[in-house]
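Chemist: Mind looking over this structure? Questions follow.
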Amino acid sequence: MTACATEPAAEPGDERATRPTDATAHPADATACPMDAIVRPADPIARPTCVIAADGTYAARLALDGACWFPERWTLDGPEPYAVPLPSHQPEEPGTEVLPMSDGRVLIHRVADGRHTFSLLYPTGPGTGELLLGAVECHDEDTRLRLLPPAPDGEHAYALSTGRDHTAVWLVAGGAFGPEHLAEVPGRCSGGVWLDGTGRLLALDRHQDGRTKTVVVDLGRGGEVTPLLQIAEDSDDRLLLADADSGLLLVRSDAPSPGHDRLGWGVLGSTLPIRFPDCLRATDCTVTPFAIQPGQVLTPERCAVALCIDGPAGSWVGVWRPAERQVHHLAAPEGWLAGAGLWTREGVLQLPYATGSVPCGVTKVTAPAAATTAAEAPPPPERPAARPVPLQQAPLSGQSPVKRRPLSARPAPEDEAVRAEGGPGGENRSPAPVPA
């Protein structure tokens, strides 16, 4: 694999990439929550239809004009959201990735014949300006390269290159000399979750020796790898979301029910076990968390979590808090760009949508009030007094806090993970959504 600092834009196209879904192009399916738009545990390249910057200022997606795909930047921090089209000299392939930067430019990742090119797009008068950043060549046809979620600082962008038995982390925007190779991780990695607010600690789900476990790659220490999530020796454990303020983790694992994935939650650095609430378990729906309320520094159990729920009745939004034993079901706005959304610190969920009449819109939903009775809330997890996210203060080497405090699969009494013969408290069937 080689990197080129300055290369002309390659012809787009990668038949293996995930095709984005555009609600404007298919209004009849606008409220659907397509599975190719949700991060599935077994699908390392599935991406949301709309990518929102970590600070919520901008978003980017591929939009459809007739039969032609083109990048589109959304501005979200003004009085009203608005979209700016960024078409190139030719239509984009449906597998092309885009990612918003904090300065308003949009990173675009194009693929052709094993060459991955990266450019920054920006509006310039009536046209689109393009700054070529360089290219990464993947000669092995089994190697896949995709963009990681937006970095917390908004100034850098990273990509993950997954080969047969190793994975590489690349800095593809924000560097001094084009794409830079930062780290090499043994095993095939998927996922990608930032654990801190600086873009140093990256969690990846590594498949090795027949099992998947989450590890942390410290980009500030030359790519040093440390185990993070190993619930049981023979379980597959993946990290879905993390909040740097509170340390809240959302995981998916088959530890409590071998052969069947369950959603669970824990706190980074806590000595308490991972919990697998029954209210997040459903036999006829796919439940995928996509956003965590920030700013709850000492109360991770009270963070609101947004869920995309897809079932026979359609697709809708769920709101859940670890301190509660229920999911609040809300109807998604028409044309919701499924799997995309952002919480404010005040508990307002912003859901981007696009329809034929409203090409750029954001619905704001206030989270239902949190339960306050002691009977409804489990005891708060133990945390170090200084800060609930010790990995932000300690290097990931030697006897790190993660190794001294492994996350356990033992269920808490009020959140039993396994119930015999489907008795009370077992698998739940999620109700249909109700109007917000």
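Letters A, B, ... go to the chains of the structure tokens in the order shown; residues in each chain start at 1; ligands are counted from 1 in the same order.
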Quick one: pick out all strand (DSSP E) residues within segment 145-383 of chain A from a backbone DSSP run and write them as a PyMOL selection string.
Modeler: chain A and resi 145-147+157-162+166-173+180-186+188-194+201-208+211-218+224-229+237-242+248-253+262-267+286-292+305-311+314-320+328-331+342-343+348-353+361-366
Chemist: Work out how far atom CA of Ile292 of chain A is from atom CA of Val305 of chain A, in Å to one decimal.
Modeler: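 Computing the Euclidean distance for atom CA of Val305 of chain A and atom CA of Ile292 of chain A yields 4.6 Å.
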Chemist: Given only C-alpha atoms as the basis, pick out the residue of A:Gly154, A:Pro79, A:Pro71, A:Gly295 nearest to Gly361 of chain A.
Modeler: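 Closest to Gly361 of chain A, using only C-alpha atoms: A:Pro79.
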Chemist: Could you please determine the separation between atom CA of Gly264 of chain A and atom CA of Ala242 of chain A in Å, to one decimal place?
Modeler: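 We find that atom CA of Gly264 of chain A and atom CA of Ala242 of chain A lie 12.1 Å from each other.
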Chemist: Within segment 274-332 of chain A, find each residue whose DSSP state, derived from the backbone, is helix (DSSP H, G or I), and express the selection as number ranges by chain.
Modeler: A: 278-280, 300-302
Chemist: Within 8 Å of Leu202 of chain A, counting only C-alpha atoms, which residues qualify if same-chain residues fewer than 3 places away don't, as number ranges by chain?
Modeler: A: 192-195, 199, 216-219
Chemist: Could those selected residues go to a file with C-alpha atoms, as a PDB file, in the first residue's frame?
Modeler:
```pdb
ATOM      1  CA  GLY A 192     -14.402   3.323  14.813  1.00  0.00           C
ATOM      2  CA  VAL A 193     -15.361   5.351  17.904  1.00  0.00           C
ATOM      3  CA  TRP A 194     -13.486   8.333  19.356  1.00  0.00           C
ATOM      4  CA  LEU A 195     -13.025   8.078  23.121  1.00  0.00           C
ATOM      5  CA  GLY A 199      -8.825  12.757  18.450  1.00  0.00           C
ATOM      6  CA  VAL A 216      -7.973   1.185  21.661  1.00  0.00           C
ATOM      7  CA  VAL A 217      -5.387   2.659  19.302  1.00  0.00           C
ATOM      8  CA  ASP A 218      -3.440   5.537  20.855  1.00  0.00           C
ATOM      9  CA  LEU A 219      -2.535   7.793  17.919  1.00  0.00           C
TER      10      LEU A 219
END
```
Chemist: I'd like the neighbourhood of Cys189 of chain A as a VMD selection string, where a residue qualifies if any of its atoms comes within 12 Å (using only C-alpha atoms), though same-chain residues fewer than 2 positions away should be ignored.
Modeler: chain A and resid 41 to 45 143 to 146 148 159 to 169 184 to 187 191 to 193 202 to 208 211 to 217 238 to 239
Chemist: Find, counting only C-alpha atoms, the residue in A:Ile231, A:Leu280, A:Leu133, A:Cys285 that gets nearest to Gln326 of chain A.
Modeler: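 Ranked by minimum distance to Gln326 of chain A, first place goes to A:Leu280.
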Chemist: Name the residues in contact with Leu249 of chain A at a cut-off of 9 Å, using only C-alpha atoms, excluding same-chain residues fewer than 4 positions from it; report them as a list of chain:residue names.
Modeler: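 Once the adjacent positions are removed, what remains is A:Leu239, A:Leu240, A:Leu241, A:Ala242, A:Asp243, A:Gly264, A:Trp265, A:Gly266, A:Val267, A:Leu268, A:Pro300.
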Chemist: How many Å separate atom CA of Asp142 of chain A from atom CA of Pro91 of chain A?
Modeler: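 For atom CA of Asp142 of chain A relative to atom CA of Pro91 of chain A, the distance reads 26.3 Å.
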Chemist: So, counting only C-alpha atoms, which residue among A:Pro179, A:Pro123, A:Gly95, A:Gly223 is closest to Val136 of chain A?
Modeler: A:Pro179
Chemist: If we count only C-alpha atoms and set the cut-off at 10 Å, which residues sit around Leu171 of chain A, ignoring sequence neighbours fewer than 4 positions away in its own chain? Please answer as a PyMOL selection string.
Modeler: chain A and resi 147-148+156-160+175+178-183
Chemist: Go ahead and write the residues just picked, C-alpha atoms, as an mmCIF file, in the first residue's frame.
Modeler:
```cif
data_model
loop_
_atom_site.group_PDB
_atom_site.id
_atom_site.type_symbol
_atom_site.label_atom_id
_atom_site.label_comp_id
_atom_site.auth_asym_id
_atom_site.auth_seq_id
_atom_site.Cartn_x
_atom_site.Cartn_y
_atom_site.Cartn_z
ATOM 1 C CA LEU A 147 -13.483 7.128 6.246
ATOM 2 C CA LEU A 148 -13.736 7.047 10.020
ATOM 3 C CA HIS A 156 -8.472 16.331 10.803
ATOM 4 C CA ALA A 157 -9.993 13.364 9.011
ATOM 5 C CA TYR A 158 -8.960 9.735 9.243
ATOM 6 C CA ALA A 159 -9.483 6.570 7.259
ATOM 7 C CA LEU A 160 -9.295 2.878 8.067
ATOM 8 C CA GLY A 175 -1.709 16.716 7.701
ATOM 9 C CA GLY A 178 -1.007 14.448 2.036
ATOM 10 C CA PRO A 179 -2.188 11.097 3.420
ATOM 11 C CA GLU A 180 -0.040 9.881 6.320
ATOM 12 C CA HIS A 181 0.176 6.319 7.643
ATOM 13 C CA LEU A 182 -0.270 6.553 11.429
ATOM 14 C CA ALA A 183 -0.721 3.064 12.820
#
```
Chemist: Using only C-alpha atoms, pick whichever of A:Gly222, A:Pro258, A:Gly247, A:Pro85 has the shortest atom-to-atom distance to Asp234 of chain A.
Modeler: A:Pro258
